[in-house]
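> Here you go, this is protein.txt (compact mmCIF, C-alpha atoms).
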# COMPACT_ATOMS: atom_id res chain seq x y z
CA MET A 63 0.00 0.00 0.00
CA THR A 64 1.36 3.43 -0.98
CA GLU A 65 2.62 5.53 1.89
CA TYR A 66 2.76 9.32 1.88
CA VAL A 67 5.04 11.65 3.82
CA SER A 68 3.04 13.64 6.35
CA ASN A 69 3.44 15.35 9.72
CA MET A 70 2.17 15.11 13.24
CA GLY A 71 0.78 18.16 15.05
CA ASP A 72 4.22 18.81 16.56
CA GLY A 73 5.79 18.96 13.09
CA SER A 74 7.56 15.61 13.19
CA ARG A 75 7.46 13.49 10.01
CA PHE A 76 5.65 10.19 9.66
CA PHE A 77 4.24 8.07 6.87
CA THR A 78 0.54 7.58 6.31
CA THR A 79 -1.64 5.59 3.93
CA ARG A 80 -4.70 7.02 2.20
CA LYS A 81 -6.94 4.86 4.39
CA GLN A 82 -5.24 6.10 7.56
CA ALA A 83 -5.53 9.70 6.35
CA LEU A 84 -9.26 9.22 5.65
CA ASP A 85 -9.75 7.72 9.13
CA ASP A 86 -7.90 10.67 10.70
CA ILE A 87 -9.95 13.19 8.71
CA GLY A 88 -13.17 11.53 9.84
CA ALA A 89 -12.02 11.58 13.45
CA GLY A 90 -10.93 15.24 13.22
CA VAL A 91 -14.27 16.31 11.78
CA GLY A 92 -16.06 14.25 14.42
CA ASN A 93 -14.12 16.00 17.16
CA ALA A 94 -15.01 19.40 15.66
CA VAL A 95 -18.71 18.49 15.58
CA ASP A 96 -18.65 17.17 19.16
CA CYS A 97 -16.73 20.14 20.59
CA THR A 98 -18.29 23.06 18.76
CA GLY A 99 -21.60 21.94 17.27
CA VAL A 100 -20.58 22.72 13.68
CA SER A 101 -21.93 20.65 10.81
CA GLU A 102 -20.15 17.66 9.26
CA LEU A 103 -18.07 17.96 6.11
CA ASP A 104 -19.62 16.16 3.15
CA ALA A 105 -18.01 13.23 1.31
CA ASN A 106 -16.56 15.46 -1.44
CA GLU A 107 -14.95 17.79 1.09
CA ILE A 108 -13.42 14.86 2.97
CA GLU A 109 -12.04 13.42 -0.28
CA HIS A 110 -10.67 16.84 -1.17
CA ILE A 111 -8.77 17.07 2.13
CA CYS A 112 -7.48 13.54 1.60
CA ASP A 113 -6.24 14.44 -1.89
CA ILE A 114 -4.39 17.43 -0.42
CA ILE A 115 -2.81 15.34 2.36
CA CYS A 116 -1.84 12.52 0.00
CA CYS A 117 -0.52 14.71 -2.82
CA GLU A 118 2.97 13.43 -3.58
CA ASP A 119 4.34 16.91 -4.27
CA ARG A 120 6.22 18.49 -1.40
CA VAL A 121 4.56 21.92 -1.72
CA VAL A 122 0.95 22.47 -2.80
CA GLY A 123 -1.11 25.57 -3.58
CA VAL A 124 -4.58 26.77 -4.48
CA LYS A 125 -5.82 26.64 -8.04
CA PRO A 126 -5.05 29.81 -10.09
CA GLY A 127 -7.80 32.35 -9.52
CA ARG A 128 -8.54 31.09 -6.00
CA GLU A 129 -5.89 33.18 -4.26
CA VAL A 130 -6.81 35.13 -1.12
CA VAL A 131 -5.74 38.26 0.76
CA MET A 132 -2.91 38.02 3.31
CA THR A 133 -3.01 39.87 6.61
CA GLU A 134 -0.51 39.34 9.43
CA ASP A 135 0.41 40.33 12.95
CA PHE A 136 3.51 41.68 14.72
CA GLY A 137 4.80 43.57 11.67
CA ALA A 138 8.50 43.83 10.95
CA ASN A 139 9.30 42.86 14.56
CA ARG A 140 8.99 39.35 13.15
CA LEU A 141 12.43 39.78 11.61
CA GLY A 142 14.20 41.33 14.56
CA ILE A 143 12.78 39.91 17.74
CA ASP A 144 14.22 36.71 19.12
CA SER A 145 12.73 36.28 22.56
CA GLY A 146 10.59 33.20 22.24
CA THR A 147 8.31 34.87 19.71
CA CYS A 148 9.60 32.95 16.71
CA GLY A 149 11.54 35.90 15.31
CA ASN A 150 14.80 35.61 13.43
CA GLY A 151 16.98 37.86 15.59
CA VAL A 152 17.97 39.91 12.56
CA GLU A 153 18.15 43.47 13.84
CA ILE A 154 16.44 45.77 11.34
CA GLY A 155 14.44 48.96 11.62
CA ARG A 156 10.67 48.74 11.39
CA ARG A 157 10.53 51.05 8.37
CA GLU A 158 13.04 49.01 6.38
CA GLY A 159 11.46 45.77 7.55
CA SER A 160 8.00 46.88 6.47
CA LEU A 161 9.24 47.84 3.00
CA ILE A 162 10.92 44.43 2.71
CA PHE A 163 7.60 42.75 3.49
CA GLU A 164 5.86 44.98 0.92
CA LYS A 165 8.41 44.84 -1.90
CA SER A 166 10.17 41.51 -1.41
CA PHE A 167 7.71 39.25 0.38
CA SER A 168 4.65 40.54 -1.54
CA MET A 169 2.36 40.97 1.45
CA ASP A 170 -1.09 42.32 0.58
CA THR A 171 -1.30 44.28 3.86
CA PHE A 172 1.10 44.98 6.70
CA GLU A 173 1.20 46.56 10.11
CA LEU A 174 3.34 48.56 12.48
CA GLY A 175 3.69 47.21 16.00
CA HIS A 176 5.66 47.92 19.17
CA THR A 177 8.21 45.31 20.25
CA ASP A 178 6.13 44.47 23.35
CA TYR A 179 3.05 44.35 21.09
CA SER A 180 0.61 45.13 23.92
CA ILE A 181 -1.86 48.01 24.14
CA LYS A 182 -0.77 48.94 27.65
CA ALA A 183 2.91 49.19 26.64
CA VAL A 184 2.11 51.40 23.64
CA LYS A 185 0.26 54.05 25.64
CA PRO A 186 3.32 55.82 27.13
CA ILE A 187 5.17 55.88 23.78
CA ILE A 188 2.19 56.81 21.62
CA ALA A 189 3.91 59.91 20.17
CA HIS A 190 6.80 57.78 18.91
CA GLU A 191 4.44 55.28 17.33
CA MET A 192 2.41 58.07 15.72
CA GLN A 193 5.40 59.72 14.07
CA THR A 194 6.71 56.36 12.85
CA MET A 195 3.28 55.62 11.36
CA GLU A 196 3.19 59.05 9.69
CA GLN A 197 6.59 58.46 8.09
CA MET A 198 5.78 54.94 6.97
CA GLN A 199 2.51 55.99 5.39
CA MET A 200 4.50 58.29 3.11
CA LEU A 201 6.62 55.35 1.90
CA MET A 202 4.27 52.39 1.78
CA THR A 203 1.59 51.57 -0.77
CA ILE A 204 -0.15 48.48 0.69
CA PRO A 205 -2.61 49.03 3.57
CA LEU A 206 -0.56 49.63 6.73
CA LEU A 207 -2.43 49.01 9.97
CA TYR A 208 -1.30 49.32 13.57
CA GLY A 209 -1.31 46.09 15.54
CA ALA A 210 -1.26 45.26 19.23
CA MET A 211 -2.49 42.57 21.58
CA PRO A 212 -5.17 43.72 24.04
CA ASN A 213 -3.35 41.46 26.56
CA MET A 214 -5.55 42.05 29.61
CA GLY A 215 -3.18 39.99 31.76
CA LEU A 216 -1.01 43.11 32.08
CA TYR A 217 -3.82 44.84 34.02
CA TYR A 218 -3.67 42.24 36.82
CA ALA A 219 -1.26 42.11 39.78
CA PRO A 220 1.70 42.15 39.91
CA ASP A 221 1.88 44.14 36.62
CA GLY A 222 -1.38 46.07 36.90
CA PRO A 223 -3.76 47.67 39.39
CA TYR A 224 -6.34 44.86 39.72
CA GLY A 225 -6.22 41.66 41.71
CA ASN A 226 -5.27 38.58 39.75
CA PRO A 227 -8.38 36.40 39.30
CA ALA A 228 -6.28 33.22 39.34
CA ASP A 229 -4.91 34.13 42.78
CA LEU A 230 -8.28 35.37 44.08
CA MET A 231 -10.08 32.21 43.00
CA ARG A 232 -7.50 30.07 44.78
CA GLU A 233 -8.54 31.96 47.93
CA PHE A 234 -12.23 31.35 47.09
CA LYS A 235 -12.75 35.10 46.54
CA ILE A 236 -14.98 34.49 43.55
CA GLU A 237 -16.89 37.78 43.62
CA GLU A 238 -13.63 39.74 43.90
CA ALA A 239 -12.13 37.77 40.99
CA MET A 240 -15.14 38.57 38.79
CA GLU A 241 -15.03 42.24 39.75
CA ALA A 242 -11.30 42.42 38.98
CA ALA A 243 -11.95 41.01 35.48
CA GLU A 244 -14.72 43.54 34.84
CA LEU A 245 -12.59 46.48 36.00
CA ALA A 246 -9.60 45.31 34.00
CA ALA A 247 -11.78 44.91 30.88
CA ASP A 248 -13.08 48.48 31.19
CA HIS A 249 -9.59 49.86 31.85
CA MET A 250 -8.25 48.01 28.81
CA ALA A 251 -11.12 49.31 26.64
CA ASP A 252 -10.16 52.87 27.69
CA ASP A 253 -6.55 52.24 26.66
CA ILE A 254 -7.60 50.63 23.37
CA GLU A 255 -9.67 53.69 22.53
CA PHE A 256 -6.80 56.04 23.39
CA VAL A 257 -4.16 54.17 21.40
CA SER A 258 -6.27 53.25 18.38
CA VAL A 259 -7.78 56.72 17.94
CA LYS A 260 -4.33 58.31 18.19
CA MET A 261 -2.95 55.94 15.56
CA GLN A 262 -5.89 56.74 13.33
CA GLU A 263 -5.03 60.43 13.71
CA ALA A 264 -1.53 59.53 12.47
CA GLY A 265 -2.95 58.29 9.16
CA CYS A 266 -3.11 54.61 10.02
CA ASP A 267 -5.14 52.39 7.68
CA GLY A 268 -6.74 50.71 10.67
CA PHE A 269 -6.16 48.59 13.73
CA ASP A 270 -5.43 44.89 14.19
CA PHE A 271 -6.54 43.56 17.58
CA ASP A 272 -4.38 40.48 17.76
CA THR A 273 -4.93 37.53 20.15
CA ALA A 274 -8.24 38.84 21.50
CA GLY A 275 -9.42 36.86 24.51
CA SER A 276 -5.94 35.78 25.59
CA ALA A 277 -6.81 36.48 29.23
CA GLY A 278 -10.25 34.91 28.91
CA ASP A 279 -13.78 36.20 28.54
CA GLY A 280 -13.08 39.57 30.18
CA ASP A 281 -10.29 40.16 27.67
CA PHE A 282 -12.65 39.39 24.76
CA VAL A 283 -15.36 41.72 26.12
CA GLY A 284 -12.82 44.51 26.76
CA THR A 285 -11.49 44.14 23.22
CA LEU A 286 -14.99 44.26 21.72
CA LYS A 287 -15.78 47.38 23.75
CA GLY A 288 -12.52 49.01 22.63
CA ALA A 289 -13.19 48.15 18.99
CA ALA A 290 -16.71 49.57 19.23
CA ARG A 291 -15.36 52.82 20.67
CA LEU A 292 -12.80 53.10 17.85
CA ARG A 293 -15.57 52.50 15.32
CA LYS A 294 -17.66 55.27 16.91
CA ALA A 295 -14.78 57.76 17.22
CA ARG A 296 -13.28 57.08 13.79
CA PRO A 297 -15.87 55.56 11.43
CA GLU A 298 -13.31 55.26 8.63
CA ALA A 299 -11.03 52.92 10.63
CA ASN A 300 -10.45 49.47 9.17
CA ILE A 301 -10.61 47.03 12.08
CA ILE A 302 -9.25 43.48 12.18
CA MET A 303 -9.84 41.26 15.20
CA GLY A 304 -7.91 38.01 15.49
CA MET A 305 -8.58 35.59 18.31
CA SER A 306 -6.05 33.97 20.64
CA GLY A 307 -7.67 30.55 20.82
CA GLU A 308 -10.62 28.66 19.40
CA ASN A 309 -12.71 28.91 22.55
CA VAL A 310 -13.29 31.91 24.83
CA LEU A 311 -12.05 30.80 28.24
CA GLY A 312 -14.50 31.50 31.06
CA ILE A 313 -12.13 33.05 33.59
CA HIS A 314 -15.00 35.34 34.68
CA GLY A 315 -17.73 32.96 33.59
CA SER A 316 -20.70 35.24 33.09
CA ILE A 317 -19.42 38.51 31.63
CA GLU A 318 -21.53 39.58 28.64
CA TYR A 319 -21.29 41.57 25.44
CA ASP A 320 -24.47 42.68 23.67
CA GLY A 321 -26.50 40.67 26.17
CA LYS A 322 -24.64 37.41 25.49
CA VAL A 323 -22.37 35.46 27.82
CA VAL A 324 -19.12 35.14 25.85
CA ALA A 325 -17.50 32.33 27.83
CA GLY A 326 -17.37 29.12 25.81
CA MET A 327 -18.03 30.77 22.46
CA TYR A 328 -16.49 29.21 19.36
CA PRO A 329 -15.52 31.06 16.13
CA HIS A 330 -18.96 30.95 14.44
CA GLU A 331 -20.42 32.67 17.54
CA GLN A 332 -17.47 35.01 18.17
CA VAL A 333 -17.70 36.48 14.67
CA LYS A 334 -21.24 37.74 15.25
CA LEU A 335 -20.10 39.78 18.27
CA ALA A 336 -17.13 41.09 16.30
CA GLU A 337 -19.54 42.28 13.60
CA LYS A 338 -21.66 43.96 16.26
CA ALA A 339 -18.59 45.83 17.55
CA GLY A 340 -17.85 47.16 14.04
CA VAL A 341 -15.01 44.85 13.03
CA ASN A 342 -14.23 44.65 9.28
CA ILE A 343 -12.23 41.40 9.17
CA PHE A 344 -12.42 38.57 11.72
CA GLY A 345 -9.62 36.09 12.40
CA PRO A 346 -10.89 32.79 13.80
CA VAL A 347 -8.49 30.42 15.52
CA VAL A 348 -8.54 26.63 15.73
CA ASN A 349 -5.90 25.13 17.99
CA THR A 350 -3.59 22.35 16.80
CA ASN A 351 -3.40 19.08 18.73
CA THR A 352 0.29 18.09 18.77
CA GLY A 353 -0.52 14.41 19.36
CA ARG A 354 -2.72 14.10 16.27
CA SER A 355 -1.80 13.94 12.59
CA LEU A 356 -1.84 16.75 10.04
CA ALA A 357 -4.92 15.15 8.43
CA TRP A 358 -6.79 15.16 11.77
CA ASN A 359 -5.80 18.75 12.56
CA ILE A 360 -6.56 20.16 9.10
CA ALA A 361 -9.96 18.43 8.98
CA ARG A 362 -10.89 19.75 12.41
CA ALA A 363 -9.68 23.29 11.63
CA VAL A 364 -11.47 23.38 8.28
CA ALA A 365 -14.77 22.13 9.75
CA ILE A 366 -14.77 24.76 12.52
CA THR A 367 -13.60 27.60 10.27
CA ARG A 368 -16.06 26.74 7.47
CA GLU A 369 -18.96 27.26 9.89
CA CYS A 370 -17.53 30.64 10.92
CA VAL A 371 -17.11 31.73 7.30
CA ARG A 372 -20.68 30.64 6.52
CA LYS A 373 -22.18 32.50 9.47
CA ALA A 374 -20.12 35.66 8.91
CA ASP A 375 -21.28 38.79 7.10
CA ILE A 376 -17.71 40.14 7.06
CA PRO A 377 -14.51 38.69 5.56
CA CYS A 378 -12.82 35.96 7.63
CA HIS A 379 -9.05 35.50 7.70
CA PRO A 380 -8.32 32.37 9.78
CA ASN A 381 -5.11 32.46 11.77
CA MET A 382 -2.68 30.10 10.05
CA GLY A 383 0.53 29.93 12.02
CA MET A 384 2.55 27.91 14.42
CA GLY A 385 0.00 25.82 16.32
CA VAL A 386 -3.22 27.14 14.78
CA GLY A 387 -5.29 26.53 11.66
CA GLY A 388 -4.15 22.93 11.28
CA ILE A 389 -0.47 23.94 11.06
CA PRO A 390 1.89 22.04 13.38
CA MET A 391 2.88 23.55 16.72
CA SER A 392 6.48 24.24 15.82
CA GLU A 393 8.66 27.34 15.52
CA THR A 394 9.71 26.08 12.11
CA PRO A 395 6.51 24.61 10.64
CA PRO A 396 7.19 22.22 7.74
CA VAL A 397 6.40 23.99 4.47
CA GLU A 398 4.62 20.86 3.21
CA ALA A 399 2.24 21.02 6.17
CA ALA A 400 1.75 24.81 6.04
CA THR A 401 0.89 24.82 2.34
CA ARG A 402 -1.52 21.88 2.74
CA ALA A 403 -3.33 23.60 5.59
CA SER A 404 -3.44 26.84 3.61
CA LYS A 405 -4.89 25.17 0.49
CA ALA A 406 -7.54 23.32 2.50
CA MET A 407 -8.56 26.43 4.40
CA VAL A 408 -9.07 28.41 1.17
CA GLU A 409 -10.63 25.73 -1.03
CA ILE A 410 -12.87 24.00 1.52
CA ALA A 411 -13.49 26.45 4.36
CA LYS A 412 -13.75 29.26 1.75
CA ALA A 413 -11.68 31.71 3.75
CA ASP A 414 -11.59 35.29 2.45
CA GLY A 415 -7.95 35.58 3.44
CA ILE A 416 -5.31 34.22 5.75
CA MET B 63 1.90 33.45 0.74
CA ALA B 64 3.21 31.35 -2.13
CA ALA B 65 0.52 28.70 -1.61
CA SER B 66 -2.52 30.92 -1.59
CA GLY B 67 -1.67 34.65 -1.64
CA ILE B 68 -2.72 37.02 -4.42
CA GLY B 69 0.77 38.48 -4.48
CA GLY B 70 0.60 41.98 -2.99
CA MET B 71 1.93 44.70 -5.29
CA ARG B 72 3.36 42.07 -7.67
CA ALA B 73 -0.27 41.61 -8.63
CA ALA B 74 -3.44 43.21 -7.20
CA GLY B 75 -3.40 41.89 -3.63
CA ASP B 76 -3.24 45.30 -1.98
CA LEU B 77 -6.21 46.51 -4.03
CA VAL B 78 -8.41 43.52 -3.13
CA ALA B 79 -7.34 43.92 0.51
CA ARG B 80 -8.44 47.56 0.50
CA MET B 81 -11.95 46.57 -0.57
CA GLU B 82 -12.23 43.84 2.08
CA LEU B 83 -11.04 46.29 4.71
CA SER B 84 -12.87 49.44 3.76
CA LYS B 85 -16.20 48.02 2.55
CA ASN B 86 -16.41 44.66 4.38
CA MET B 87 -16.53 43.01 0.95
CA ARG B 88 -16.20 39.24 0.91
CA LEU B 89 -13.34 37.93 -1.23
CA ASP B 90 -15.28 37.25 -4.43
CA ASP B 91 -17.09 40.60 -4.28
CA ALA B 92 -13.82 42.44 -3.62
CA LYS B 93 -12.14 40.70 -6.56
CA ARG B 94 -15.07 41.46 -8.88
CA TYR B 95 -15.03 45.12 -7.80
CA VAL B 96 -11.29 45.56 -8.36
CA ALA B 97 -11.36 43.62 -11.64
CA LYS B 98 -14.14 45.84 -12.98
CA LYS B 99 -12.17 48.97 -12.06
CA LEU B 100 -9.08 47.57 -13.78
CA GLY B 101 -11.06 46.33 -16.78
CA VAL B 102 -9.90 42.72 -16.36
CA ASP B 103 -11.37 39.37 -15.29
CA PRO B 104 -11.14 38.50 -11.55
CA PHE B 105 -9.02 35.50 -12.59
CA ASP B 106 -6.34 37.92 -13.84
CA LEU B 107 -5.82 39.71 -10.51
CA SER B 108 -3.04 37.29 -9.50
CA ASP B 109 -1.44 37.29 -12.96
CA VAL B 110 1.79 39.16 -12.27
CA TYR B 111 2.43 39.80 -15.98
CA MET B 112 -0.93 41.46 -16.59
CA MET B 113 -0.99 43.27 -13.27
CA ARG B 114 2.53 44.64 -13.72
CA GLU B 115 1.46 46.22 -17.00
CA ALA B 116 -1.74 47.55 -15.45
CA ARG B 117 0.07 48.97 -12.43
CA GLU B 118 2.69 50.67 -14.58
CA LYS B 119 0.06 52.13 -16.90
CA LEU B 120 -2.05 53.44 -14.00
CA ASP B 121 1.09 54.46 -12.05
CA ILE B 122 -0.23 52.96 -8.80
CA GLY B 123 3.04 51.49 -7.56
CA VAL B 124 5.16 48.49 -8.52
CA VAL B 125 7.47 46.31 -6.42
CA THR B 126 10.66 47.11 -8.28
CA ALA B 127 12.69 50.28 -7.85
CA MET B 128 11.60 52.01 -11.04
CA PRO B 129 12.64 55.64 -11.55
CA ASN B 130 9.97 58.21 -12.37
CA ALA B 131 7.23 55.97 -10.94
CA SER B 132 4.84 56.94 -8.18
CA ARG B 133 5.49 55.36 -4.83
CA GLY B 134 4.01 55.44 -1.37
CA ILE B 135 1.43 58.15 -0.80
CA GLN B 136 1.61 59.24 -4.45
CA SER B 137 0.45 55.77 -5.50
CA LYS B 138 -2.23 55.69 -2.81
CA MET B 139 -3.80 58.92 -4.02
CA LYS B 140 -4.17 57.32 -7.45
CA ILE B 141 -5.53 54.12 -5.85
CA GLU B 142 -8.19 56.26 -4.13
CA ASP B 143 -9.35 57.49 -7.52
CA LEU B 144 -9.13 54.06 -9.13
CA LEU B 145 -11.15 52.26 -6.44
CA ASP B 146 -13.38 55.20 -5.51
CA ILE B 147 -12.41 55.01 -1.83
CA ARG B 148 -10.85 57.37 0.71
CA ILE B 149 -7.54 56.44 2.35
CA ASN B 150 -6.90 57.89 5.80
CA CYS B 151 -3.29 59.01 5.31
CA CYS B 152 -4.21 60.68 2.01
CA ASP B 153 -6.92 62.66 3.80
CA ASN B 154 -4.34 63.67 6.42
CA TYR B 155 -1.87 64.69 3.73
CA ARG B 156 -4.42 66.82 1.91
CA ALA B 157 -5.50 68.46 5.16
CA ARG B 158 -1.93 69.38 6.04
CA MET B 159 -1.13 70.75 2.59
CA LYS B 160 -3.89 73.34 2.81
CA ARG B 161 -2.38 76.76 3.45
For the structure just supplied, provide its representation as structure tokens.


Amino acid sequence: MTEYVSNMGDGSRFFTTRKQALDDIGAGVGNAVDCTGVSELDANEIEHICDIICCEDRVVGVKPGREVVMTEDFGANRLGIDSGTCGNGVEIGRREGSLIFEKSFSMDTFELGHTDYSIKAVKPIIAHEMQTMEQMQMLMTIPLLYGAMPNMGLYYAPDGPYGNPADLMREFKIEEAMEAAELAADHMADDIEFVSVKMQEAGCDGFDFDTAGSAGDGDFVGTLKGAARLRKARPEANIIMGMSGENVLGIHGSIEYDGKVVAGMYPHEQVKLAEKAGVNIFGPVVNTNTGRSLAWNIARAVAITRECVRKADIPCHPNMGMGVGGIPMSETPPVEAATRASKAMVEIAKADGI
Amino acid sequence: MAASGIGGMRAAGDLVARMELSKNMRLDDAKRYVAKKLGVDPFDLSDVYMMREAREKLDIGVVTAMPNASRGIQSKMKIEDLLDIRINCCDNYRARMKR
């Protein structure tokens, strides 16, 4: 029986047969349906994923005419930073780096971001970021957004003014933990409004809220509130919201946005709240399981993302990186796995971009 | 990018992106809109040969360092006209140039 080179969710190589790949795809879709309530993939879609997995070419791609828009996060810091954030450690200025991404790497859009890449850290250096944005807008042609993580964890002790819910819950101070999350969410929304409106004043093409919900449901609500305030203050702003994980963690448990408890929401539910907040492009996340095969992870990611794309009234750009979107959890994802995940996400989930 | 990207300024990726961002257009609608403005088929938007010629003719920015070609904000002001959209930094620039 023919064996095909494939990868596990940690990036390691293994060999699979077409039958094994089909079994893994079925199991991955089944897991997606069980976990998130999305609908099954049909037989043609499952065969299509199997064809992609079992293609004997090392690198695959979408059919001509099916190409999609590329957005990204972290900007040119990606080249310079080497602190556990998968950067290359190649010191280069953000202006030069951005032009390299535009002219040499052919990005469709790009963004400026601070090395810490958190809203709270940007606030005290906003003037520096504004003047850099102003200069870069003179040089760049592709849409140049500003990007930052809401990162509500920085508003909790010991880094911020509010009690840390994890510590408070260990002491059975549940009410205090919930209150801390609510206060931190409101504080973060204030900072998001300040930073994003200032960057818009500097001529920014828009704002990318990256890894929304990283500190749980309060983080997601605070980000939605901040995005809504930006939309109200600067109606022309182009807003992207990318999630941090597939499921909104219920650290608070009952915090709401637009009358809905956000804890436990999956991408096809998250996108509706993002639309309500005035977001233009939504970035759903599906986490990779390192102990499962590429076929299992791609099938699961495609099933969950397809439902989000179907339910959305705005473009969806699924996060496709190290450990999300079916791509292995590795700092150096195998190109054969990354291109297979990318092709499946575009051709089957019908993503508007990546 | 190589597997599924339109190709940025090598092709028409930045133009399609602007329509997704500014008008919430889904991918196919954004491609149709840009293609109509360029007078081409949506299929051609990732054709680097055709798009290079179109970009040079319209002077809306190319990836290579070509002398006497618009770049940066100059290109974006022409992209505003081409796509019938407003770009924030161009508005800022016009506002500051008023004397």

> What is the distance between atom CA of B:Asp106 and atom CA of B:Gly69, in Å to one decimal?

11.8 Å

> Which stretch 74-152 of chain B residues have any atom within 12 Å of an atom of stretch 188-196 of chain A, and for each, what is the nearest pair of atoms with distance in Å to one decimal, counting only C-alpha atoms, rows sorted by chain and number, as CSV?


residue,atom,partner,partner_atom,distance
B:Gly134,CA,A:Glu196,CA,11.7
B:Ile135,CA,A:Glu196,CA,10.7
B:Asn150,CA,A:Glu196,CA,10.9
B:Cys151,CA,A:Glu196,CA,7.8
B:Cys152,CA,A:Glu196,CA,10.8

> For stretch 236-242 of chain A, work out the shell of residues within 9 Å, counting all atoms listed in the file and skipping chain neighbours fewer than 2 positions away, then give it as a list in words.

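Close residues of stretch 236-242 of chain A: Tyr218, Tyr224, Gly225, Asn226, Pro227, Ala228, Asp229, Leu230, Met231, Arg232, Glu233, Phe234, Glu244, Leu245, Ala246, Ala247, Gly280, Ile313, His314, Gly315, Ser316 and Ile317 of chain A.
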
> Mind listing as JSON, numbers by chain which residues of chain B are within 10 Å of chain A, counting only C-alpha atoms?

{"B": [63, 64, 65, 66, 67, 68, 69, 70, 71, 72, 73, 74, 75, 76, 77, 78, 79, 80, 82, 83, 84, 85, 86, 87, 88, 89, 90, 92, 93, 103, 104, 105, 106, 107, 108, 109, 122, 123, 124, 125, 126, 127, 132, 133, 134, 135, 136, 137, 138, 139, 141, 148, 149, 150, 151, 152, 153, 154, 155]}

> Give me, please, the distance in Å between atom CA of A:Val323 and atom CA of A:Lys287, quoted to one decimal.

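The value is 14.2 Å.
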
> Just give me the gap between atom CA of A:Gly387 and atom CA of A:Arg75 in Å, one decimal is fine.

18.3 Å

> Counting all atoms listed in the file, write as a PyMOL selection string all protein and nucleic acid residues lying at most 8 Å from (-0.9, 17.4, 8.5) in the file's frame.

chain A and resi 68-71+115+355-360+388-390+399+402-403

> Please list as a PyMOL selection string every residue within 12 Å of A:Asp85, counting all atoms listed in the file and excluding residues in the same chain fewer than 4 positions away.

chain A and resi 78-81+89-92+108-109+111-112+354-355+357-358+361

> Write the residues of the selection above to a file with C-alpha atoms, as a PDB file, keeping the file's coordinate frame.


ATOM      1  CA  THR A  78       0.540   7.580   6.310  1.00  0.00           C
ATOM      2  CA  THR A  79      -1.640   5.590   3.930  1.00  0.00           C
ATOM      3  CA  ARG A  80      -4.700   7.020   2.200  1.00  0.00           C
ATOM      4  CA  LYS A  81      -6.940   4.860   4.390  1.00  0.00           C
ATOM      5  CA  ALA A  89     -12.020  11.580  13.450  1.00  0.00           C
ATOM      6  CA  GLY A  90     -10.930  15.240  13.220  1.00  0.00           C
ATOM      7  CA  VAL A  91     -14.270  16.310  11.780  1.00  0.00           C
ATOM      8  CA  GLY A  92     -16.060  14.250  14.420  1.00  0.00           C
ATOM      9  CA  ILE A 108     -13.420  14.860   2.970  1.00  0.00           C
ATOM     10  CA  GLU A 109     -12.040  13.420  -0.280  1.00  0.00           C
ATOM     11  CA  ILE A 111      -8.770  17.070   2.130  1.00  0.00           C
ATOM     12  CA  CYS A 112      -7.480  13.540   1.600  1.00  0.00           C
ATOM     13  CA  ARG A 354      -2.720  14.100  16.270  1.00  0.00           C
ATOM     14  CA  SER A 355      -1.800  13.940  12.590  1.00  0.00           C
ATOM     15  CA  ALA A 357      -4.920  15.150   8.430  1.00  0.00           C
ATOM     16  CA  TRP A 358      -6.790  15.160  11.770  1.00  0.00           C
ATOM     17  CA  ALA A 361      -9.960  18.430   8.980  1.00  0.00           C
TER      18      ALA A 361
END

> Box for stretch 96-106 of chain B - axis-aligned, 5 Å on each of the six sides, all listed atoms - centre and size in Å to one decimal, as AutoDock Vina command-line options.


--center_x -10.2 --center_y 42.2 --center_z -12.6 --size_x 17.8 --size_y 23.5 --size_z 18.4

> Would you kindly return, as a PyMOL selection string, each protein, DNA or RNA residue with an atom no farther than 9 Å from any atom of A:Ile154, considering all atoms listed in the file and excluding same-chain residues fewer than 5 positions away?

chain A and resi 138-139+141-142+159
